[in-house]
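A quick write-up on the structure given underneath.
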Amino acid sequence: MEIVTQQLADALEVKVKGRLDNYWGEHLQRNLEELIRGGAHHLRLDFSGVSYLSSAGVGLLVRFYRQLKAIGGSFVIITPSDHVKLVIELCRLSPLLLSQQPAAPPPVSQAEPRRFSTAAGSFELIECAAAKPLQCEFIGDPALLKGRGFGPQDCRTVQFPASTFGLGLGAFGHGFEDARARFGEFIAVAGSAAYLPTDGTNVPDFMVSSGDLVPELNTLYGLRCEGDFSHLLRFETCAPAKALSLADILCTALEVTGSPSIGLVMVAESGGLVGAALRRSPAAESASFQYPDIRAWLSFSTERLYARSLVLVSGVAASVPSKSLASLLRPIAAGTGPFGHFHAAAFSYRPLQKGDIDLKSTVSALFETENLQGVLHLLTDDRQAAGPQQSEFVRGACWISALSGVQ
């Protein structure tokens with residue numbers, strides 16, 4: 001199979017020559033995925049040189065059509081061979097896949113973005129209608145993790161409806177006793193929540209709001225933010241071989257809000273995550289984080305994880321930790337600011353819509369259509385032998401706002 005690409009005015013033309021069957025479909029799939037990862041969301045297929053199209057090939061085309069349509073993109077065969085046209089017509093897919101007319105360009109956001117660049121990447125900033133200030137509520141005492149441990153008196157049931165986001169140590173279940181052996185890192189955003197159980201299964205679980213169902217977690221400690229975001233910050237690395245660090249993104253987010261402390265939710269393509277996750281529940285027994293016991297209690301990534309995945313991140317950051325944030329925040333870059341506390345959920349990759357984007361529908365689609373791979377507490381590896389490492393991101397969207405009432 002031969003594949004040649006050419007940039008058109010409003011799209012990328014992909015000229016394919018050969019057979020599109022189950023064997024060659026994998027080759028085409030890899031090529032199309034790389035084009036989409038590179039930011040091409042409007043694809044025009046020249047299939048004049050495709051001599052054979054099987055049902056496997058048709059299924060592949062339909063998947064890409066649906067994937068790009070869902071993010072405001074387009075996927076259309078502009079010049080089918082006679083065989084391709086016949087097969088698609090017999091499958092009654094002509095209205096979806098065949099067209100001589102270019103698809104309409106994506107709608108222009110009413111909010112005109114402000115574009116700027118730094119040494120690390122390029123950014124677009126869109127102001128949002130923030131009617132309600134972002135308030136942050138702190139739950140429990142994180143010092144108990146390294147102290148006496150957690151008992152029933154330290155557990156609180158917390159709901160995370162669509163107007164909230166948060167993170168911490170928690171578990172789904174019917175109260176403390178039911179969740180005692182499963183408490184682990186959790187993340188909650190826009191009516192969806194996920195956590196990593198510590199009962200040995202190592203399989204993350206999740207809950208998505210539906211009807212009157214609202215995600216609810218038995219929480220040992222954490223934070224819960226509620227309110228509106230003031231800005232949407234889109235970003236992309238300047239160099240394909242170099243991703244933006246979490247510190248790069250946070251420094252920019254703090255600067256554009258003009259606030260010393262912010263709440264942030266991010267959906268982004270991962271360049272690799274650095275972090276840790278509990279292996280055992282601190283409510284089942286007292287934790288020990290001294291060497292060598294820490295190896296039985298904590299799983300720490302010695303190299304970046306979940307590269308090329310799409311990740312959901314939530315948390316808070318500050319240029320200088322205030323009194324109320326001090327117990328939760330740690331340096332994001334080795335030995336320096338900004339400071340923050342962030343959890344991440346990693347999913348199988350899917351392209352992210354460009355421009356203005358709705359947080360709730362984006363997050364719901366991740367949980368409902370993609371594979372949840374893991375939940376991680378993001379940390380900085382400051383060991384000098386390997387060189388300081390932190391989580392990195394290729395491109396994505398950040399919803400940010402100043403934290404109100406933080407002292």
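We name chains A, B, ... following the order of the structure tokens; residues begin at 1 in each chain, and ligands are numbered from 1 as shown.
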
Subject >> Exercise: Leu217 in chain A partners within 7 Å, only C-alpha atoms, chain neighbours under 2 positions left out, as a VMD selection string >> reply: chain A and resid 157 to 159 170 to 172 215 219

Original post:
Do you know which residues are at most 10 Å from range 296-309 of chain A counting only C-alpha atoms, after dropping those on the same chain fewer than 3 positions away, and could you put them as an MDAnalysis selection string?
Top reply: chainID A and resid 37 198 268:282 287:293 312 345:350 373:374 376:379 381 386 389:394

**OP:** Could you give me, as an MDAnalysis selection string, each residue of range 56-129 of chain A that DSSP assigns to strand (DSSP E) when run on this structure's backbone?
**Re:** chainID A and resid 74:80 114:117 121:127

Original post:
What gap, in Å, lies between CA of Phe183 in chain A and CA of Phe160 in chain A?
Top reply: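 We find that CA of Phe183 in chain A and CA of Phe160 in chain A lie 17.0 Å from each other.
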
Original post:
When you draw a straight line from CA of Pro321 in chain A to CA of Thr380 in chain A, how long is it in Å?
Top reply: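 According to the coordinates, CA of Pro321 in chain A and CA of Thr380 in chain A are separated by 16.8 Å.
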
**OP:** Would you please work out which residue, of A:Leu32, A:Ala40, A:Leu144, A:Leu325, is nearest to Gly405 in chain A when using only C-alpha atoms?
**Re:** A:Leu325

Subject >> Nearest residue to Ser81 in chain A from the set A:Gly227, A:Gly18, A:Gly340, A:Gly121 (distances using only C-alpha atoms) >> reply: A:Gly18

**OP:** Could you give me the residues within range 123-370 of chain A that DSSP places in alpha helix (DSSP H), as a PyMOL selection string?
**Re:** chain A and resi 176-179+246-257+294-297+359-369

Could you write out that same residue set with N, CA and C atoms as a short mmCIF file (atom, residue, chain, number, x, y, z; two decimals), in the first residue's frame?
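Saved to result-v1.cif:
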data_model
loop_
_atom_site.label_atom_id
_atom_site.label_comp_id
_atom_site.auth_asym_id
_atom_site.auth_seq_id
_atom_site.Cartn_x
_atom_site.Cartn_y
_atom_site.Cartn_z
N PHE A 176 -17.24 3.40 55.38
CA PHE A 176 -15.85 3.14 55.69
C PHE A 176 -15.51 1.66 55.71
N GLU A 177 -16.31 0.85 56.39
CA GLU A 177 -15.98 -0.57 56.52
C GLU A 177 -15.97 -1.27 55.17
N ASP A 178 -16.92 -0.92 54.32
CA ASP A 178 -16.97 -1.53 52.99
C ASP A 178 -15.75 -1.14 52.16
N ALA A 179 -15.26 0.09 52.34
CA ALA A 179 -14.16 0.59 51.52
C ALA A 179 -12.80 0.43 52.18
N LEU A 246 4.75 19.89 33.08
CA LEU A 246 3.65 20.36 33.91
C LEU A 246 3.96 21.74 34.49
N ALA A 247 5.22 21.96 34.86
CA ALA A 247 5.61 23.27 35.40
C ALA A 247 5.46 24.36 34.35
N ASP A 248 5.80 24.08 33.09
CA ASP A 248 5.63 25.06 32.01
C ASP A 248 4.17 25.51 31.91
N ILE A 249 3.27 24.53 31.94
CA ILE A 249 1.85 24.83 31.79
C ILE A 249 1.33 25.60 32.99
N LEU A 250 1.73 25.19 34.20
CA LEU A 250 1.25 25.86 35.41
C LEU A 250 1.76 27.29 35.51
N CYS A 251 3.01 27.52 35.13
CA CYS A 251 3.54 28.89 35.17
C CYS A 251 2.74 29.80 34.25
N THR A 252 2.40 29.29 33.06
CA THR A 252 1.61 30.09 32.12
C THR A 252 0.20 30.32 32.66
N ALA A 253 -0.40 29.27 33.23
CA ALA A 253 -1.76 29.39 33.77
C ALA A 253 -1.81 30.39 34.93
N LEU A 254 -0.83 30.36 35.80
CA LEU A 254 -0.79 31.31 36.92
C LEU A 254 -0.62 32.74 36.40
N GLU A 255 0.19 32.89 35.36
CA GLU A 255 0.44 34.23 34.82
C GLU A 255 -0.80 34.82 34.17
N VAL A 256 -1.52 34.03 33.38
CA VAL A 256 -2.66 34.59 32.65
C VAL A 256 -3.84 34.90 33.57
N THR A 257 -3.96 34.18 34.70
CA THR A 257 -5.04 34.49 35.64
C THR A 257 -4.68 35.65 36.55
N ILE A 294 8.69 1.20 52.17
CA ILE A 294 7.95 2.01 51.21
C ILE A 294 7.69 1.27 49.90
N ARG A 295 8.55 0.31 49.57
CA ARG A 295 8.38 -0.42 48.31
C ARG A 295 7.11 -1.26 48.32
N ALA A 296 6.67 -1.66 49.52
CA ALA A 296 5.44 -2.44 49.62
C ALA A 296 4.20 -1.54 49.68
N TRP A 297 4.43 -0.25 49.93
CA TRP A 297 3.30 0.65 50.10
C TRP A 297 3.05 1.57 48.90
N LEU A 359 -16.20 21.13 28.65
CA LEU A 359 -15.52 20.24 29.59
C LEU A 359 -16.33 19.00 29.90
N LYS A 360 -17.60 19.15 30.27
CA LYS A 360 -18.38 18.01 30.71
C LYS A 360 -18.54 16.95 29.62
N SER A 361 -18.89 17.38 28.40
CA SER A 361 -19.08 16.40 27.34
C SER A 361 -17.76 15.74 26.95
N THR A 362 -16.66 16.49 27.04
CA THR A 362 -15.35 15.92 26.73
C THR A 362 -14.97 14.85 27.73
N VAL A 363 -15.16 15.13 29.02
CA VAL A 363 -14.82 14.17 30.07
C VAL A 363 -15.74 12.96 30.02
N SER A 364 -17.04 13.19 29.84
CA SER A 364 -17.99 12.07 29.76
C SER A 364 -17.64 11.13 28.62
N ALA A 365 -17.25 11.71 27.46
CA ALA A 365 -16.89 10.88 26.31
C ALA A 365 -15.67 10.03 26.60
N LEU A 366 -14.73 10.55 27.35
CA LEU A 366 -13.55 9.76 27.71
C LEU A 366 -13.94 8.52 28.51
N PHE A 367 -14.73 8.71 29.54
CA PHE A 367 -15.11 7.60 30.39
C PHE A 367 -16.03 6.61 29.68
N GLU A 368 -16.86 7.10 28.78
CA GLU A 368 -17.86 6.25 28.15
C GLU A 368 -17.35 5.52 26.92
N THR A 369 -16.33 6.04 26.25
CA THR A 369 -15.88 5.43 25.00
C THR A 369 -14.44 4.94 25.01
#

Subject >> Selected residue, from A:Pro161, A:Leu372, A:His83, A:Arg148, that lies nearest to Asp212 in chain A when counting only C-alpha atoms >> reply: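 Ranking A:Pro161, A:Leu372, A:His83, A:Arg148 by distance to Asp212 in chain A, first place goes to A:Pro161.
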
**OP:** Can you work out which one of A:Arg224, A:Arg330, A:Lys17, A:Arg234 has the shortest atom-to-atom distance to Gln135 in chain A, counting only C-alpha atoms?
**Re:**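 Nearest candidate to Gln135 in chain A out of A:Arg224, A:Arg330, A:Lys17, A:Arg234: A:Arg224.
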
Original post:
Using only C-alpha atoms, which residue out of A:Leu20, A:Val313, A:Cys398, A:Ala11 lies closest to Leu60 in chain A?
Top reply: A:Leu20

Subject >> Close residues, range 63-66 of chain A itself excluded, 8 Å, only C-alpha atoms, min 2 positions apart in chain, as a PyMOL selection string >> reply: chain A and resi 59-61+68-70+74-76+96-97

Keeping all heavy atoms, export the residues of the selection given above as a PDB file, in the first residue's frame.
ATOM      1  N   GLY A  59     -15.200  -0.876   7.988  1.00  0.00           N
ATOM      2  CA  GLY A  59     -15.312  -0.617   9.424  1.00  0.00           C
ATOM      3  C   GLY A  59     -14.283   0.383   9.905  1.00  0.00           C
ATOM      4  O   GLY A  59     -14.576   1.247  10.749  1.00  0.00           O
ATOM      5  N   LEU A  60     -13.063   0.296   9.366  1.00  0.00           N
ATOM      6  CA  LEU A  60     -12.010   1.238   9.724  1.00  0.00           C
ATOM      7  C   LEU A  60     -12.390   2.654   9.317  1.00  0.00           C
ATOM      8  O   LEU A  60     -12.234   3.607  10.090  1.00  0.00           O
ATOM      9  CB  LEU A  60     -10.702   0.817   9.044  1.00  0.00           C
ATOM     10  CG  LEU A  60      -9.509   1.755   9.225  1.00  0.00           C
ATOM     11  CD1 LEU A  60      -9.040   1.739  10.669  1.00  0.00           C
ATOM     12  CD2 LEU A  60      -8.376   1.369   8.285  1.00  0.00           C
ATOM     13  N   LEU A  61     -12.915   2.807   8.115  1.00  0.00           N
ATOM     14  CA  LEU A  61     -13.312   4.126   7.620  1.00  0.00           C
ATOM     15  C   LEU A  61     -14.437   4.725   8.464  1.00  0.00           C
ATOM     16  O   LEU A  61     -14.419   5.915   8.784  1.00  0.00           O
ATOM     17  CB  LEU A  61     -13.746   4.031   6.163  1.00  0.00           C
ATOM     18  CG  LEU A  61     -12.682   3.548   5.164  1.00  0.00           C
ATOM     19  CD1 LEU A  61     -13.291   3.421   3.775  1.00  0.00           C
ATOM     20  CD2 LEU A  61     -11.484   4.477   5.144  1.00  0.00           C
ATOM     21  N   LEU A  68     -13.707  11.657  14.098  1.00  0.00           N
ATOM     22  CA  LEU A  68     -13.445  13.043  13.727  1.00  0.00           C
ATOM     23  C   LEU A  68     -14.715  13.894  13.770  1.00  0.00           C
ATOM     24  O   LEU A  68     -14.667  15.073  14.149  1.00  0.00           O
ATOM     25  CB  LEU A  68     -12.818  13.104  12.334  1.00  0.00           C
ATOM     26  CG  LEU A  68     -11.354  12.633  12.268  1.00  0.00           C
ATOM     27  CD1 LEU A  68     -10.848  12.623  10.840  1.00  0.00           C
ATOM     28  CD2 LEU A  68     -10.469  13.515  13.131  1.00  0.00           C
ATOM     29  N   LYS A  69     -15.844  13.323  13.412  1.00  0.00           N
ATOM     30  CA  LYS A  69     -17.089  14.070  13.491  1.00  0.00           C
ATOM     31  C   LYS A  69     -17.378  14.503  14.921  1.00  0.00           C
ATOM     32  O   LYS A  69     -17.893  15.598  15.171  1.00  0.00           O
ATOM     33  CB  LYS A  69     -18.246  13.229  12.953  1.00  0.00           C
ATOM     34  CG  LYS A  69     -19.581  13.978  12.951  1.00  0.00           C
ATOM     35  CD  LYS A  69     -20.721  13.106  12.461  1.00  0.00           C
ATOM     36  CE  LYS A  69     -22.045  13.870  12.517  1.00  0.00           C
ATOM     37  NZ  LYS A  69     -23.186  13.035  12.102  1.00  0.00           N
ATOM     38  N   ALA A  70     -17.040  13.626  15.888  1.00  0.00           N
ATOM     39  CA  ALA A  70     -17.321  13.906  17.293  1.00  0.00           C
ATOM     40  C   ALA A  70     -16.545  15.110  17.814  1.00  0.00           C
ATOM     41  O   ALA A  70     -16.939  15.727  18.804  1.00  0.00           O
ATOM     42  CB  ALA A  70     -17.005  12.678  18.151  1.00  0.00           C
ATOM     43  N   SER A  74     -13.713  16.345  10.004  1.00  0.00           N
ATOM     44  CA  SER A  74     -14.392  15.728   8.866  1.00  0.00           C
ATOM     45  C   SER A  74     -13.511  14.650   8.261  1.00  0.00           C
ATOM     46  O   SER A  74     -12.273  14.699   8.351  1.00  0.00           O
ATOM     47  CB  SER A  74     -14.739  16.784   7.809  1.00  0.00           C
ATOM     48  OG  SER A  74     -13.571  17.429   7.342  1.00  0.00           O
ATOM     49  N   PHE A  75     -14.157  13.673   7.624  1.00  0.00           N
ATOM     50  CA  PHE A  75     -13.471  12.516   7.049  1.00  0.00           C
ATOM     51  C   PHE A  75     -14.302  12.070   5.853  1.00  0.00           C
ATOM     52  O   PHE A  75     -15.419  11.565   6.019  1.00  0.00           O
ATOM     53  CB  PHE A  75     -13.380  11.405   8.103  1.00  0.00           C
ATOM     54  CG  PHE A  75     -12.602  10.197   7.678  1.00  0.00           C
ATOM     55  CD1 PHE A  75     -11.219  10.156   7.824  1.00  0.00           C
ATOM     56  CD2 PHE A  75     -13.239   9.084   7.138  1.00  0.00           C
ATOM     57  CE1 PHE A  75     -10.496   9.036   7.446  1.00  0.00           C
ATOM     58  CE2 PHE A  75     -12.526   7.965   6.766  1.00  0.00           C
ATOM     59  CZ  PHE A  75     -11.148   7.942   6.923  1.00  0.00           C
ATOM     60  N   VAL A  76     -13.783  12.268   4.635  1.00  0.00           N
ATOM     61  CA  VAL A  76     -14.592  12.017   3.455  1.00  0.00           C
ATOM     62  C   VAL A  76     -13.722  11.490   2.312  1.00  0.00           C
ATOM     63  O   VAL A  76     -12.560  11.893   2.163  1.00  0.00           O
ATOM     64  CB  VAL A  76     -15.335  13.303   3.026  1.00  0.00           C
ATOM     65  CG1 VAL A  76     -14.366  14.397   2.651  1.00  0.00           C
ATOM     66  CG2 VAL A  76     -16.308  13.038   1.898  1.00  0.00           C
ATOM     67  N   LEU A  96     -22.380   9.133   4.427  1.00  0.00           N
ATOM     68  CA  LEU A  96     -21.337   9.361   5.431  1.00  0.00           C
ATOM     69  C   LEU A  96     -19.967   9.548   4.798  1.00  0.00           C
ATOM     70  O   LEU A  96     -19.225  10.470   5.150  1.00  0.00           O
ATOM     71  CB  LEU A  96     -21.274   8.181   6.415  1.00  0.00           C
ATOM     72  CG  LEU A  96     -22.157   8.240   7.657  1.00  0.00           C
ATOM     73  CD1 LEU A  96     -23.625   8.198   7.261  1.00  0.00           C
ATOM     74  CD2 LEU A  96     -21.821   7.063   8.574  1.00  0.00           C
ATOM     75  N   LEU A  97     -19.613   8.671   3.870  1.00  0.00           N
ATOM     76  CA  LEU A  97     -18.227   8.571   3.431  1.00  0.00           C
ATOM     77  C   LEU A  97     -17.937   9.146   2.055  1.00  0.00           C
ATOM     78  O   LEU A  97     -16.774   9.425   1.747  1.00  0.00           O
ATOM     79  CB  LEU A  97     -17.784   7.098   3.457  1.00  0.00           C
ATOM     80  CG  LEU A  97     -17.829   6.405   4.819  1.00  0.00           C
ATOM     81  CD1 LEU A  97     -17.450   4.941   4.678  1.00  0.00           C
ATOM     82  CD2 LEU A  97     -16.892   7.100   5.797  1.00  0.00           C
TER      83      LEU A  97
END

Original post:
If you measure from CA of Ala130 in chain A to CA of Ala402 in chain A, what distance in Å do you get, rounded to one decimal?
Top reply: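 These atoms are spaced 10.7 Å apart.
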
Excluding range 260-265 of chain A and residues on its chain fewer than 6 positions from it, collect all residues at most 8 Å away from it, counting only C-alpha atoms, and give them as an mmCIF file with N, CA, C and O atoms, in the first residue's frame.
data_model
loop_
_atom_site.group_PDB
_atom_site.id
_atom_site.type_symbol
_atom_site.label_atom_id
_atom_site.label_comp_id
_atom_site.auth_asym_id
_atom_site.auth_seq_id
_atom_site.Cartn_x
_atom_site.Cartn_y
_atom_site.Cartn_z
ATOM 1 N N LEU A 134 -14.569 30.261 41.901
ATOM 2 C CA LEU A 134 -14.133 28.895 42.195
ATOM 3 C C LEU A 134 -13.719 28.798 43.657
ATOM 4 O O LEU A 134 -12.721 29.387 44.082
ATOM 5 N N PHE A 165 -14.842 19.661 40.781
ATOM 6 C CA PHE A 165 -13.735 18.750 40.498
ATOM 7 C C PHE A 165 -12.960 18.566 41.789
ATOM 8 O O PHE A 165 -13.070 19.369 42.731
ATOM 9 N N VAL A 189 -13.987 14.935 38.032
ATOM 10 C CA VAL A 189 -14.109 16.114 37.172
ATOM 11 C C VAL A 189 -15.463 16.105 36.468
ATOM 12 O O VAL A 189 -15.841 15.104 35.836
ATOM 13 N N CYS A 225 -13.353 21.360 44.624
ATOM 14 C CA CYS A 225 -13.538 22.718 44.133
ATOM 15 C C CYS A 225 -14.863 22.816 43.400
ATOM 16 O O CYS A 225 -15.230 21.910 42.643
ATOM 17 N N LEU A 254 -0.830 30.361 35.801
ATOM 18 C CA LEU A 254 -0.788 31.314 36.916
ATOM 19 C C LEU A 254 -0.618 32.738 36.398
ATOM 20 O O LEU A 254 -1.237 33.684 36.906
ATOM 21 N N LEU A 312 -6.607 12.922 31.757
ATOM 22 C CA LEU A 312 -7.429 13.893 32.473
ATOM 23 C C LEU A 312 -6.707 14.226 33.766
ATOM 24 O O LEU A 312 -6.352 13.323 34.535
ATOM 25 N N VAL A 313 -6.477 15.509 34.018
ATOM 26 C CA VAL A 313 -5.718 15.956 35.188
ATOM 27 C C VAL A 313 -6.555 16.979 35.946
ATOM 28 O O VAL A 313 -7.213 17.836 35.339
ATOM 29 N N SER A 314 -6.529 16.916 37.273
ATOM 30 C CA SER A 314 -7.182 17.955 38.068
ATOM 31 C C SER A 314 -6.361 18.246 39.307
ATOM 32 O O SER A 314 -5.629 17.375 39.806
ATOM 33 N N GLY A 315 -6.491 19.483 39.800
ATOM 34 C CA GLY A 315 -5.782 19.836 41.016
ATOM 35 C C GLY A 315 -5.691 21.328 41.207
ATOM 36 O O GLY A 315 -6.385 22.115 40.553
ATOM 37 N N VAL A 316 -4.828 21.741 42.127
ATOM 38 C CA VAL A 316 -4.624 23.152 42.434
ATOM 39 C C VAL A 316 -3.136 23.466 42.382
ATOM 40 O O VAL A 316 -2.288 22.596 42.596
ATOM 41 N N ALA A 317 -2.833 24.729 42.085
ATOM 42 C CA ALA A 317 -1.444 25.165 42.004
ATOM 43 C C ALA A 317 -1.312 26.554 42.592
ATOM 44 O O ALA A 317 -2.281 27.314 42.670
ATOM 45 N N ALA A 318 -0.096 26.895 43.004
ATOM 46 C CA ALA A 318 0.165 28.220 43.577
ATOM 47 C C ALA A 318 1.597 28.616 43.284
ATOM 48 O O ALA A 318 2.489 27.763 43.180
ATOM 49 N N SER A 319 1.816 29.908 43.125
ATOM 50 C CA SER A 319 3.187 30.396 42.959
ATOM 51 C C SER A 319 3.944 30.293 44.278
ATOM 52 O O SER A 319 5.136 29.966 44.303
ATOM 53 N N VAL A 320 3.249 30.567 45.371
ATOM 54 C CA VAL A 320 3.788 30.385 46.724
ATOM 55 C C VAL A 320 2.676 29.782 47.571
ATOM 56 O O VAL A 320 1.565 30.339 47.603
ATOM 57 N N PRO A 321 2.915 28.660 48.262
ATOM 58 C CA PRO A 321 1.837 28.022 49.032
ATOM 59 C C PRO A 321 1.324 28.930 50.144
ATOM 60 O O PRO A 321 2.100 29.455 50.932
ATOM 61 N N CYS A 398 -6.692 23.375 28.994
ATOM 62 C CA CYS A 398 -6.749 23.583 30.444
ATOM 63 C C CYS A 398 -7.881 24.537 30.775
ATOM 64 O O CYS A 398 -7.978 25.621 30.188
ATOM 65 N N TRP A 399 -8.713 24.148 31.717
ATOM 66 C CA TRP A 399 -9.727 25.044 32.267
ATOM 67 C C TRP A 399 -9.172 25.561 33.587
ATOM 68 O O TRP A 399 -8.845 24.767 34.486
ATOM 69 N N ILE A 400 -9.074 26.876 33.753
ATOM 70 C CA ILE A 400 -8.396 27.438 34.919
ATOM 71 C C ILE A 400 -9.205 28.582 35.506
ATOM 72 O O ILE A 400 -9.995 29.241 34.819
ATOM 73 N N SER A 401 -8.998 28.808 36.801
ATOM 74 C CA SER A 401 -9.613 29.944 37.463
ATOM 75 C C SER A 401 -8.894 30.193 38.775
ATOM 76 O O SER A 401 -8.352 29.267 39.393
ATOM 77 N N ALA A 402 -8.888 31.453 39.189
ATOM 78 C CA ALA A 402 -8.331 31.791 40.498
ATOM 79 C C ALA A 402 -9.161 31.143 41.590
ATOM 80 O O ALA A 402 -10.373 31.032 41.489
ATOM 81 N N LEU A 403 -8.489 30.706 42.653
ATOM 82 C CA LEU A 403 -9.185 30.159 43.808
ATOM 83 C C LEU A 403 -9.659 31.303 44.691
ATOM 84 O O LEU A 403 -8.870 32.190 45.065
ATOM 85 N N VAL A 406 -8.996 31.642 49.395
ATOM 86 C CA VAL A 406 -7.865 30.870 49.900
ATOM 87 C C VAL A 406 -6.948 31.808 50.670
ATOM 88 O O VAL A 406 -6.514 32.845 50.151
#
